[in-house]
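Below is start_24.txt, which holds compact mmCIF, C-alpha atoms.
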# COMPACT_ATOMS: atom_id res chain seq x y z
CA MET F 1 1.88 -1.88 12.51
CA ALA F 2 0.98 -4.71 14.91
CA ILE F 3 -2.76 -4.44 14.20
CA ALA F 4 -2.13 -4.28 10.44
CA GLN F 5 0.00 -7.43 10.65
CA GLN F 6 -2.58 -9.26 12.75
CA LEU F 7 -5.38 -8.29 10.36
CA THR F 8 -3.24 -9.45 7.45
CA GLU F 9 -2.53 -12.79 9.14
CA LEU F 10 -6.25 -13.28 9.84
CA THR F 11 -7.10 -12.44 6.22
CA ASN F 12 -4.40 -14.85 5.05
CA ALA F 13 -6.04 -17.64 7.04
CA ILE F 14 -9.52 -16.88 5.67
CA VAL F 15 -8.33 -16.71 2.06
CA LEU F 16 -6.29 -19.91 2.41
CA ALA F 17 -9.28 -21.73 3.89
CA ALA F 18 -11.37 -20.72 0.86
CA TYR F 19 -8.51 -21.76 -1.43
CA GLY F 20 -8.17 -25.13 0.29
CA ARG F 21 -11.78 -26.01 -0.45
CA ALA F 22 -11.60 -24.77 -4.05
CA ALA F 23 -8.30 -26.50 -4.82
CA SER F 24 -9.81 -29.93 -4.19
CA GLN F 25 -10.70 -29.95 -7.89
CA PRO F 26 -7.95 -30.42 -10.51
CA VAL F 27 -6.25 -27.19 -11.60
CA GLY F 28 -3.09 -26.55 -13.62
CA PRO F 29 0.10 -24.77 -12.49
CA HIS F 30 -0.93 -21.64 -10.62
CA ALA F 31 -0.20 -19.29 -7.73
CA LEU F 32 -2.49 -17.18 -5.60
CA VAL F 33 -0.92 -13.77 -5.02
CA ALA F 34 -1.91 -11.01 -2.57
CA LEU F 35 -1.69 -7.52 -4.08
CA GLY F 36 -1.92 -3.92 -2.84
CA GLY F 37 -2.33 -3.33 0.88
CA PHE F 38 -3.00 -7.03 1.43
CA GLY F 39 0.30 -7.81 -0.30
CA ARG F 40 2.17 -5.19 1.73
CA GLY F 41 0.72 -6.46 5.00
CA GLU F 42 -1.02 -3.13 5.72
CA MET F 43 -4.58 -4.29 6.12
CA ALA F 44 -7.12 -2.10 7.89
CA PRO F 45 -10.34 -3.53 9.41
CA TYR F 46 -12.42 -2.84 6.28
CA SER F 47 -9.75 -2.96 3.60
CA ASP F 48 -10.43 -4.62 0.27
CA ILE F 49 -8.78 -7.94 -0.48
CA ASP F 50 -6.85 -7.76 -3.76
CA LEU F 51 -6.01 -11.12 -5.33
CA LEU F 52 -4.18 -12.21 -8.45
CA PHE F 53 -4.82 -15.70 -9.79
CA LEU F 54 -1.57 -16.36 -11.64
CA PHE F 55 -1.38 -19.14 -14.23
CA LYS F 56 1.39 -20.65 -16.32
CA ARG F 57 -0.64 -20.68 -19.53
CA ASP F 58 -3.93 -19.21 -20.63
CA ARG F 59 -5.46 -22.67 -20.96
CA ASP F 60 -4.66 -23.36 -17.29
CA LYS F 61 -7.15 -20.71 -16.14
CA ALA F 62 -9.97 -22.46 -14.30
CA PRO F 63 -13.13 -20.34 -13.82
CA GLU F 64 -14.74 -22.83 -11.42
CA PHE F 65 -11.63 -22.89 -9.23
CA ILE F 66 -11.47 -19.07 -9.18
CA ALA F 67 -15.16 -18.82 -8.32
CA GLY F 68 -14.64 -21.41 -5.58
CA VAL F 69 -12.13 -19.12 -3.90
CA LEU F 70 -14.09 -15.90 -4.40
CA HIS F 71 -17.63 -16.92 -3.46
CA PRO F 72 -16.91 -17.79 0.21
CA LEU F 73 -15.10 -14.45 0.59
CA TRP F 74 -18.04 -12.56 -0.90
CA ASP F 75 -20.44 -14.52 1.33
CA LEU F 76 -18.44 -13.34 4.34
CA GLY F 77 -18.91 -9.74 3.23
CA PHE F 78 -15.41 -8.99 1.95
CA GLU F 79 -14.84 -6.55 -0.91
CA VAL F 80 -12.57 -8.53 -3.22
CA GLY F 81 -10.66 -7.14 -6.17
CA HIS F 82 -9.37 -9.93 -8.38
CA SER F 83 -7.75 -10.68 -11.71
CA SER F 84 -6.70 -13.82 -13.57
CA ARG F 85 -3.53 -13.53 -15.64
CA THR F 86 -0.57 -15.39 -17.04
CA VAL F 87 2.92 -14.05 -16.38
CA GLY F 88 2.97 -12.66 -19.92
CA GLU F 89 -0.29 -10.79 -19.27
CA VAL F 90 1.11 -9.44 -16.00
CA VAL F 91 4.10 -7.98 -17.84
CA LYS F 92 1.90 -6.47 -20.56
CA MET F 93 -0.45 -4.90 -18.00
CA ALA F 94 2.47 -3.51 -15.99
CA ARG F 95 3.80 -1.72 -19.05
CA GLU F 96 0.41 -0.27 -20.00
CA ASP F 97 -1.06 0.84 -16.66
CA VAL F 98 0.86 2.44 -13.78
CA ASP F 99 -1.81 1.65 -11.16
CA SER F 100 -1.77 -2.05 -12.06
CA CYS F 101 2.02 -1.99 -12.15
CA THR F 102 2.36 -0.57 -8.64
CA ALA F 103 -0.22 -2.98 -7.20
CA MET F 104 1.65 -5.93 -8.70
CA MET F 105 4.98 -4.68 -7.33
CA ASP F 106 3.51 -5.35 -3.88
CA GLY F 107 2.71 -8.95 -4.82
CA ARG F 108 3.12 -11.58 -2.09
CA LEU F 109 2.76 -15.33 -2.62
CA LEU F 110 -0.07 -16.80 -0.58
CA VAL F 111 -0.06 -20.34 -1.91
CA GLY F 112 0.75 -22.26 -5.06
CA ASP F 113 3.71 -22.69 -7.40
CA ALA F 114 6.72 -20.86 -5.89
CA ASP F 115 8.70 -21.13 -9.14
CA LEU F 116 5.84 -19.52 -11.07
CA PHE F 117 5.70 -16.68 -8.54
CA ALA F 118 9.48 -16.22 -8.80
CA GLU F 119 9.14 -15.97 -12.58
CA TYR F 120 6.38 -13.39 -12.08
CA GLY F 121 8.66 -11.24 -9.92
CA ALA F 122 11.69 -11.55 -12.16
CA ARG F 123 9.85 -10.73 -15.39
CA LEU F 124 7.71 -8.01 -13.83
CA PHE F 125 10.64 -6.02 -12.46
CA LYS F 126 12.71 -6.58 -15.57
CA ARG F 127 9.93 -5.01 -17.67
CA VAL F 128 8.68 -2.27 -15.32
CA PRO F 129 8.92 0.94 -17.40
CA LYS F 130 11.92 3.06 -16.42
CA SER F 131 9.55 6.04 -16.39
CA VAL F 132 7.53 4.73 -13.42
CA PRO F 133 9.51 6.62 -10.71
CA LEU F 134 9.17 9.84 -12.70
CA GLN F 135 5.44 9.24 -13.25
CA LEU F 136 4.94 8.70 -9.52
CA ASN F 137 6.81 11.90 -8.74
CA LYS F 138 4.67 13.82 -11.25
CA TRP F 139 1.56 12.47 -9.54
CA ARG F 140 2.82 13.87 -6.24
CA GLN F 141 3.66 17.22 -7.79
CA ALA F 142 0.22 17.46 -9.42
CA ARG F 143 -1.46 17.23 -6.01
CA ILE F 144 0.71 20.07 -4.73
CA ASP F 145 -0.13 22.15 -7.82
CA ASN F 146 -3.83 21.52 -7.11
CA LYS F 147 -3.30 23.17 -3.70
CA ASP F 148 -3.76 20.00 -1.67
CA SER F 149 -2.04 20.66 1.64
CA VAL F 150 -0.62 18.75 4.58
CA GLN F 151 -2.67 21.14 6.76
CA LEU F 152 -6.09 20.22 5.34
CA LEU F 153 -8.85 20.69 7.92
CA GLU F 154 -10.21 17.21 7.10
CA PRO F 155 -7.22 15.26 5.76
CA ASN F 156 -7.41 11.91 4.02
CA VAL F 157 -4.94 9.77 5.99
CA LYS F 158 -4.31 7.66 2.92
CA GLU F 159 -4.39 10.05 -0.06
CA SER F 160 -3.66 13.59 1.21
CA PRO F 161 -0.10 14.99 1.02
CA GLY F 162 1.83 13.54 3.93
CA GLY F 163 -0.44 10.49 4.00
CA LEU F 164 0.24 6.80 3.59
CA ARG F 165 0.11 7.02 -0.21
CA ASP F 166 3.18 9.28 -0.24
CA ILE F 167 5.19 6.56 1.50
CA GLN F 168 3.83 3.88 -0.81
CA ALA F 169 4.59 5.95 -3.91
CA LEU F 170 8.21 6.33 -2.88
CA GLU F 171 8.54 2.62 -2.12
CA TRP F 172 7.12 1.77 -5.56
CA ALA F 173 9.55 4.19 -7.18
CA MET F 174 12.49 2.69 -5.27
CA LYS F 175 11.45 -0.85 -6.17
CA ALA F 176 11.10 0.11 -9.83
CA GLN F 177 14.52 1.77 -9.81
CA ALA F 178 16.13 -1.23 -8.06
CA GLN F 179 14.15 -3.68 -10.23
CA GLN F 180 13.33 -5.87 -7.28
CA THR F 181 10.57 -6.55 -4.81
CA THR F 182 11.56 -6.15 -1.19
CA VAL F 183 10.33 -7.09 2.26
CA GLY F 184 11.59 -6.49 5.78
CA ARG F 185 15.28 -5.61 6.00
CA ALA F 186 15.63 -5.30 2.22
CA THR F 187 12.98 -2.55 2.15
CA ALA F 188 14.81 -0.65 4.90
CA ASP F 189 18.04 -0.94 2.88
CA LEU F 190 16.29 0.70 -0.09
CA TRP F 191 15.22 3.62 2.10
CA LEU F 192 18.80 4.05 3.31
CA ARG F 193 19.94 4.66 -0.25
CA TYR F 194 18.09 7.97 -0.20
CA LEU F 195 17.65 9.01 3.46
CA GLU F 196 19.66 9.03 6.68
CA ALA F 197 18.90 6.31 9.25
CA SER F 198 17.28 8.85 11.60
CA ASP F 199 15.00 10.01 8.78
CA VAL F 200 13.98 6.43 8.02
CA GLU F 201 13.10 5.97 11.71
CA THR F 202 10.96 9.12 11.49
CA ILE F 203 9.12 7.66 8.48
CA VAL F 204 8.57 4.36 10.32
CA ARG F 205 7.08 6.14 13.36
CA ALA F 206 4.89 8.36 11.19
CA ARG F 207 3.58 5.43 9.16
CA SER F 208 2.75 3.53 12.35
CA PHE F 209 0.86 6.56 13.69
CA LEU F 210 -1.20 7.00 10.50
CA LEU F 211 -2.03 3.30 10.39
CA ARG F 212 -3.30 3.48 13.99
CA VAL F 213 -5.45 6.48 13.10
CA ARG F 214 -6.84 4.71 10.02
CA HIS F 215 -7.64 1.58 12.02
CA GLU F 216 -9.49 3.59 14.67
CA MET F 217 -11.50 5.36 11.97
CA HIS F 218 -12.59 2.04 10.45
CA PHE F 219 -13.51 0.65 13.86
CA ALA F 220 -15.39 3.84 14.77
CA VAL F 221 -17.70 3.91 11.73
CA GLY F 222 -17.88 0.17 11.01
CA ARG F 223 -16.79 0.53 7.39
CA LYS F 224 -13.95 1.87 5.29
CA ARG F 225 -13.24 5.51 6.14
CA ASP F 226 -10.06 7.41 5.28
CA VAL F 227 -11.13 11.07 5.62
CA LEU F 228 -10.63 12.43 9.12
CA GLU F 229 -13.86 14.41 9.24
CA GLN F 230 -14.55 17.01 11.89
CA GLU F 231 -17.15 14.95 13.76
CA LEU F 232 -14.75 11.99 13.99
CA LYS F 233 -11.72 13.81 15.35
CA MET F 234 -12.77 13.91 19.00
CA GLN F 235 -13.80 10.25 18.98
CA ILE F 236 -10.51 9.14 17.43
CA ALA F 237 -8.52 11.33 19.82
CA ARG F 238 -10.23 9.68 22.81
CA SER F 239 -9.70 6.19 21.36
CA LEU F 240 -5.98 6.91 21.00
CA GLY F 241 -5.71 8.17 24.58
CA TYR F 242 -5.50 11.95 24.08
CA SER F 243 -7.07 13.47 27.20
CA ASP F 244 -7.79 17.14 27.88
CA LEU F 245 -5.12 19.07 29.77
CA ASP F 246 -5.44 22.41 31.58
CA MET F 247 -4.73 24.57 28.54
CA GLU F 248 -5.34 22.22 25.63
CA LEU F 249 -8.04 19.84 24.47
CA GLY F 250 -7.11 16.25 23.71
CA VAL F 251 -8.36 16.60 20.14
CA GLU F 252 -6.07 19.60 19.63
CA ARG F 253 -3.06 17.59 20.83
CA PHE F 254 -4.06 14.73 18.55
CA MET F 255 -4.33 16.92 15.46
CA ARG F 256 -1.07 18.68 16.25
CA GLU F 257 0.69 15.32 16.34
CA TYR F 258 -1.09 14.26 13.16
CA TYR F 259 0.17 17.32 11.29
CA LEU F 260 3.71 16.87 12.67
CA HIS F 261 3.82 13.32 11.30
CA ALA F 262 2.24 14.33 7.99
CA ARG F 263 4.72 17.18 7.48
CA ALA F 264 7.62 14.84 8.27
CA ILE F 265 6.38 12.31 5.70
CA PHE F 266 5.81 14.99 3.09
CA HIS F 267 9.24 16.60 3.41
CA LEU F 268 11.23 13.37 3.72
CA VAL F 269 9.45 11.74 0.78
CA GLU F 270 10.05 14.94 -1.21
CA LEU F 271 13.75 14.80 -0.34
CA ALA F 272 14.04 11.10 -1.23
CA PHE F 273 12.26 11.64 -4.55
CA GLU F 274 14.66 14.50 -5.38
CA ARG F 275 17.63 12.21 -4.77
CA LEU F 276 16.03 9.32 -6.66
CA THR F 277 15.15 11.39 -9.73
CA ARG F 278 18.62 12.98 -9.69
CA LYS F 279 20.10 9.48 -9.73
CA ILE F 280 17.89 8.52 -12.68
CA GLY F 281 18.97 11.68 -14.48
CA ARG F 282 22.66 10.86 -14.01
CA ALA F 283 22.09 7.33 -15.31
CA HIS F 284 20.75 8.76 -18.58
CA VAL F 285 23.51 11.32 -19.14

Show me the file's structure as structure tokens.
Amino acid sequence: MAIAQQLTELTNAIVLAAYGRAASQPVGPHALVALGGFGRGEMAPYSDIDLLFLFKRDRDKAPEFIAGVLHPLWDLGFEVGHSSRTVGEVVKMAREDVDSCTAMMDGRLLVGDADLFAEYGARLFKRVPKSVPLQLNKWRQARIDNKDSVQLLEPNVKESPGGLRDIQALEWAMKAQAQQTTVGRATADLWLRYLEASDVETIVRARSFLLRVRHEMHFAVGRKRDVLEQELKMQIARSLGYSDLDMELGVERFMREYYLHARAIFHLVELAFERLTRKIGRAHV
């Protein structure tokens, strides 16, 4: 997690520098919000930057100001996903599109009107559809039905079963159920509603391991790469310090540990989702 946090802090500084230059021109009440992995603080070396330009009213939207923030980032070679919305538009989008809803649940204020951002969070979580946790669980089940496996020969460390997306999906479901955004200790408290403390520690270690693997993959190929392809495995194993022993290759030890972490994530997330959906079911009896 340390590298992800450092990359996030560096990206924060770059985005805020671009904002500082653009904000020299007059602009109405607004907030600049980090979304997705940038919002969660889980940046990888070649991650996209997802930004929300949040405005009080539609007439406050300032195209020149927005372009002033985005153009320096593009010039530096960043892939930037961006949107410009009022709080009302955020709520409408969250109710209509699950992907947008989950990205916005990870929103983090970078700079701007703190009261406007607080209104964004309060209204967003008040209006998140109650079906979101169930939809996220169905998405997980669909991958299993399609025969995706934790034991894939070339797993996607982000999207395959037992990958980072499983953890994120559960956190989105827990936030939607609790109707609140969470960071730090508050996020850990949400996990403890559905798993034992030792299981939460297992999730934390597994997430840290997968993030390290993902970072090494990005560094190794010099661009975004999430599939652990056969020709990359040995290089990543060496980078992470897995040396050959008398009876076992370093790459074999690396992949064994990868699958152990992936299986732990898969089974614990499955267990937590069972408990979460059971709780939702009882609430509607």

With a cut-off of 10 Å, could you pull out the residues of region 194-244 of chain F touching region 153-172 of chain F and give me the nearest pair of atoms for each, distance in Å to one decimal, using all atoms listed in the file, ordered by chain and ascending number, as CSV?
residue,atom,partner,partner_atom,distance
F:Ile203,CA,F:Ile167,CA,8.1
F:Val204,CA,F:Ile167,CA,9.7
F:Ala206,CA,F:Leu164,CA,9.0
F:Arg207,CA,F:Leu164,CA,6.6
F:Ser208,CA,F:Leu164,CA,9.7
F:Leu210,CA,F:Val157,CA,6.5
F:Leu211,CA,F:Leu164,CA,8.0
F:Val213,CA,F:Val157,CA,7.9
F:Arg214,CA,F:Val157,CA,6.7
F:Met217,CA,F:Val157,CA,9.9
F:Arg225,CA,F:Asn156,CA,8.9
F:Asp226,CA,F:Asn156,CA,5.4
F:Val227,CA,F:Asn156,CA,4.1
F:Leu228,CA,F:Glu154,CA,5.2
F:Glu229,CA,F:Glu154,CA,5.1
F:Gln230,CA,F:Glu154,CA,6.5
F:Glu231,CA,F:Glu154,CA,9.9
F:Leu232,CA,F:Glu154,CA,9.8
F:Lys233,CA,F:Glu154,CA,9.1

Fill in: Nearest candidate to Leu73 (chain F) (options F:Asn12, F:Thr102, F:Ser243, F:Gln6; using only C-alpha atoms)
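Result for the nearest residue to Leu73 (chain F): F:Asn12.
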
Fill in: Point-to-point distance in Å for CA of Pro129 (chain F) and CA of Asp189 (chain F)
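Pair CA of Asp189 (chain F) / CA of Pro129 (chain F) returns 22.3 Å.
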
Worksheet item: Within 9 Å of (-15.0, 1.4, 8.4), only C-alpha atoms: residues as a PyMOL selection string?
Response: chain F and resi 44-47+214-226

Put those residues in a file: C-alpha atoms, as a CSV table (one decimal), in the coordinates of the input.
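Saved as selection.csv:
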chain,number,residue,atom,x,y,z
F,44,ALA,CA,-7.1,-2.1,7.9
F,45,PRO,CA,-10.3,-3.5,9.4
F,46,TYR,CA,-12.4,-2.8,6.3
F,47,SER,CA,-9.8,-3.0,3.6
F,214,ARG,CA,-6.8,4.7,10.0
F,215,HIS,CA,-7.6,1.6,12.0
F,216,GLU,CA,-9.5,3.6,14.7
F,217,MET,CA,-11.5,5.4,12.0
F,218,HIS,CA,-12.6,2.0,10.4
F,219,PHE,CA,-13.5,0.6,13.9
F,220,ALA,CA,-15.4,3.8,14.8
F,221,VAL,CA,-17.7,3.9,11.7
F,222,GLY,CA,-17.9,0.2,11.0
F,223,ARG,CA,-16.8,0.5,7.4
F,224,LYS,CA,-14.0,1.9,5.3
F,225,ARG,CA,-13.2,5.5,6.1
F,226,ASP,CA,-10.1,7.4,5.3

Discussion item. Env of Ala22 (chain F): 8 Å cut, atoms = all atoms listed in the file, seq-sep filter 3 positions within chain, self excluded. Answer as a ChimeraX atom specification.
Written reply: /F:18-19,25,65-66,68-69

Item to complete: Choose the residue, out of F:His30, F:Met93, F:Ile236, F:Val269, that has the smallest atom-to-atom separation from Arg253 (chain F); count all atoms listed in the file.
Response: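 Ranking F:His30, F:Met93, F:Ile236, F:Val269 by distance to Arg253 (chain F), first place goes to F:Ile236.
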
Worksheet item: Could you state the separation of CA of Glu257 (chain F) and CA of Leu152 (chain F) in Å, given to one decimal place?
Response: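 So the answer is 13.8 Å.
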
Practice prompt. Grab the CA of Val87 (chain F) to CA of Arg127 (chain F) distance for me, in Å with one decimal place.
Written response: 11.5 Å

Worksheet item: Which residue, F:Ile14, F:Leu249, F:Val98, F:Val80, has the smallest gap to Ile49 (chain F) when you use only C-alpha atoms?
Response: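 Smallest separation from Ile49 (chain F) among the options: F:Val80.
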
Could I get region 203-214 of chain F rebuilt with all heavy atoms, written as a compact mmCIF listing (two decimals), in the coordinates of the input?
# COMPACT_ATOMS: atom_id res chain seq x y z
N ILE F 203 10.13 8.18 9.40
CA ILE F 203 9.12 7.66 8.48
C ILE F 203 8.40 6.47 9.10
O ILE F 203 7.17 6.35 9.03
CB ILE F 203 9.76 7.25 7.14
CG1 ILE F 203 10.21 8.49 6.35
CG2 ILE F 203 8.80 6.40 6.31
CD1 ILE F 203 9.13 9.19 5.57
N VAL F 204 9.16 5.56 9.71
CA VAL F 204 8.57 4.36 10.32
C VAL F 204 7.58 4.75 11.41
O VAL F 204 6.47 4.21 11.50
CB VAL F 204 9.68 3.44 10.87
CG1 VAL F 204 9.08 2.32 11.74
CG2 VAL F 204 10.48 2.83 9.73
N ARG F 205 7.98 5.70 12.27
CA ARG F 205 7.08 6.14 13.36
C ARG F 205 5.83 6.82 12.79
O ARG F 205 4.71 6.59 13.27
CB ARG F 205 7.81 7.10 14.29
CG ARG F 205 8.84 6.44 15.19
CD ARG F 205 9.26 7.38 16.32
NE ARG F 205 9.88 8.60 15.79
CZ ARG F 205 11.18 8.74 15.56
NH1 ARG F 205 12.00 7.73 15.77
NH2 ARG F 205 11.66 9.89 15.11
N ALA F 206 6.02 7.65 11.77
CA ALA F 206 4.89 8.36 11.19
C ALA F 206 3.91 7.40 10.52
O ALA F 206 2.69 7.54 10.65
CB ALA F 206 5.38 9.40 10.18
N ARG F 207 4.45 6.42 9.81
CA ARG F 207 3.58 5.43 9.16
C ARG F 207 2.78 4.66 10.21
O ARG F 207 1.57 4.43 10.04
CB ARG F 207 4.43 4.47 8.33
CG ARG F 207 3.64 3.30 7.73
CD ARG F 207 4.59 2.31 7.09
NE ARG F 207 4.40 2.22 5.66
CZ ARG F 207 5.32 1.80 4.80
NH1 ARG F 207 6.51 1.48 5.23
NH2 ARG F 207 5.05 1.74 3.52
N SER F 208 3.43 4.25 11.28
CA SER F 208 2.75 3.53 12.35
C SER F 208 1.62 4.37 12.94
O SER F 208 0.52 3.87 13.20
CB SER F 208 3.76 3.13 13.43
OG SER F 208 3.11 2.45 14.48
N PHE F 209 1.88 5.66 13.15
CA PHE F 209 0.86 6.56 13.69
C PHE F 209 -0.34 6.64 12.74
O PHE F 209 -1.50 6.53 13.17
CB PHE F 209 1.46 7.94 13.92
CG PHE F 209 0.47 8.96 14.41
CD1 PHE F 209 0.17 9.08 15.75
CD2 PHE F 209 -0.18 9.82 13.52
CE1 PHE F 209 -0.75 10.02 16.21
CE2 PHE F 209 -1.10 10.76 13.96
CZ PHE F 209 -1.38 10.85 15.31
N LEU F 210 -0.09 6.87 11.46
CA LEU F 210 -1.20 7.00 10.50
C LEU F 210 -1.99 5.71 10.38
O LEU F 210 -3.22 5.74 10.22
CB LEU F 210 -0.66 7.42 9.13
CG LEU F 210 -0.08 8.83 9.01
CD1 LEU F 210 0.18 9.17 7.54
CD2 LEU F 210 -1.00 9.88 9.62
N LEU F 211 -1.31 4.57 10.43
CA LEU F 211 -2.03 3.30 10.39
C LEU F 211 -2.94 3.15 11.61
O LEU F 211 -4.08 2.69 11.48
CB LEU F 211 -1.04 2.13 10.32
CG LEU F 211 -0.35 1.92 8.97
CD1 LEU F 211 0.75 0.87 9.09
CD2 LEU F 211 -1.36 1.49 7.89
N ARG F 212 -2.46 3.55 12.78
CA ARG F 212 -3.30 3.48 13.99
C ARG F 212 -4.53 4.37 13.84
O ARG F 212 -5.65 3.97 14.19
CB ARG F 212 -2.49 3.91 15.21
CG ARG F 212 -1.47 2.89 15.69
CD ARG F 212 -0.60 3.48 16.80
NE ARG F 212 -1.40 3.91 17.94
CZ ARG F 212 -1.09 4.93 18.72
NH1 ARG F 212 -0.01 5.65 18.48
NH2 ARG F 212 -1.87 5.24 19.74
N VAL F 213 -4.33 5.58 13.31
CA VAL F 213 -5.45 6.48 13.10
C VAL F 213 -6.45 5.86 12.12
O VAL F 213 -7.67 5.88 12.36
CB VAL F 213 -4.96 7.84 12.56
CG1 VAL F 213 -6.14 8.73 12.16
CG2 VAL F 213 -4.10 8.55 13.61
N ARG F 214 -5.95 5.32 11.03
CA ARG F 214 -6.84 4.71 10.02
C ARG F 214 -7.62 3.53 10.61
O ARG F 214 -8.81 3.38 10.36
CB ARG F 214 -6.02 4.26 8.81
CG ARG F 214 -6.88 3.81 7.64
CD ARG F 214 -6.04 3.55 6.40
NE ARG F 214 -6.90 3.29 5.26
CZ ARG F 214 -6.81 2.19 4.50
NH1 ARG F 214 -5.89 1.28 4.74
NH2 ARG F 214 -7.64 2.01 3.48
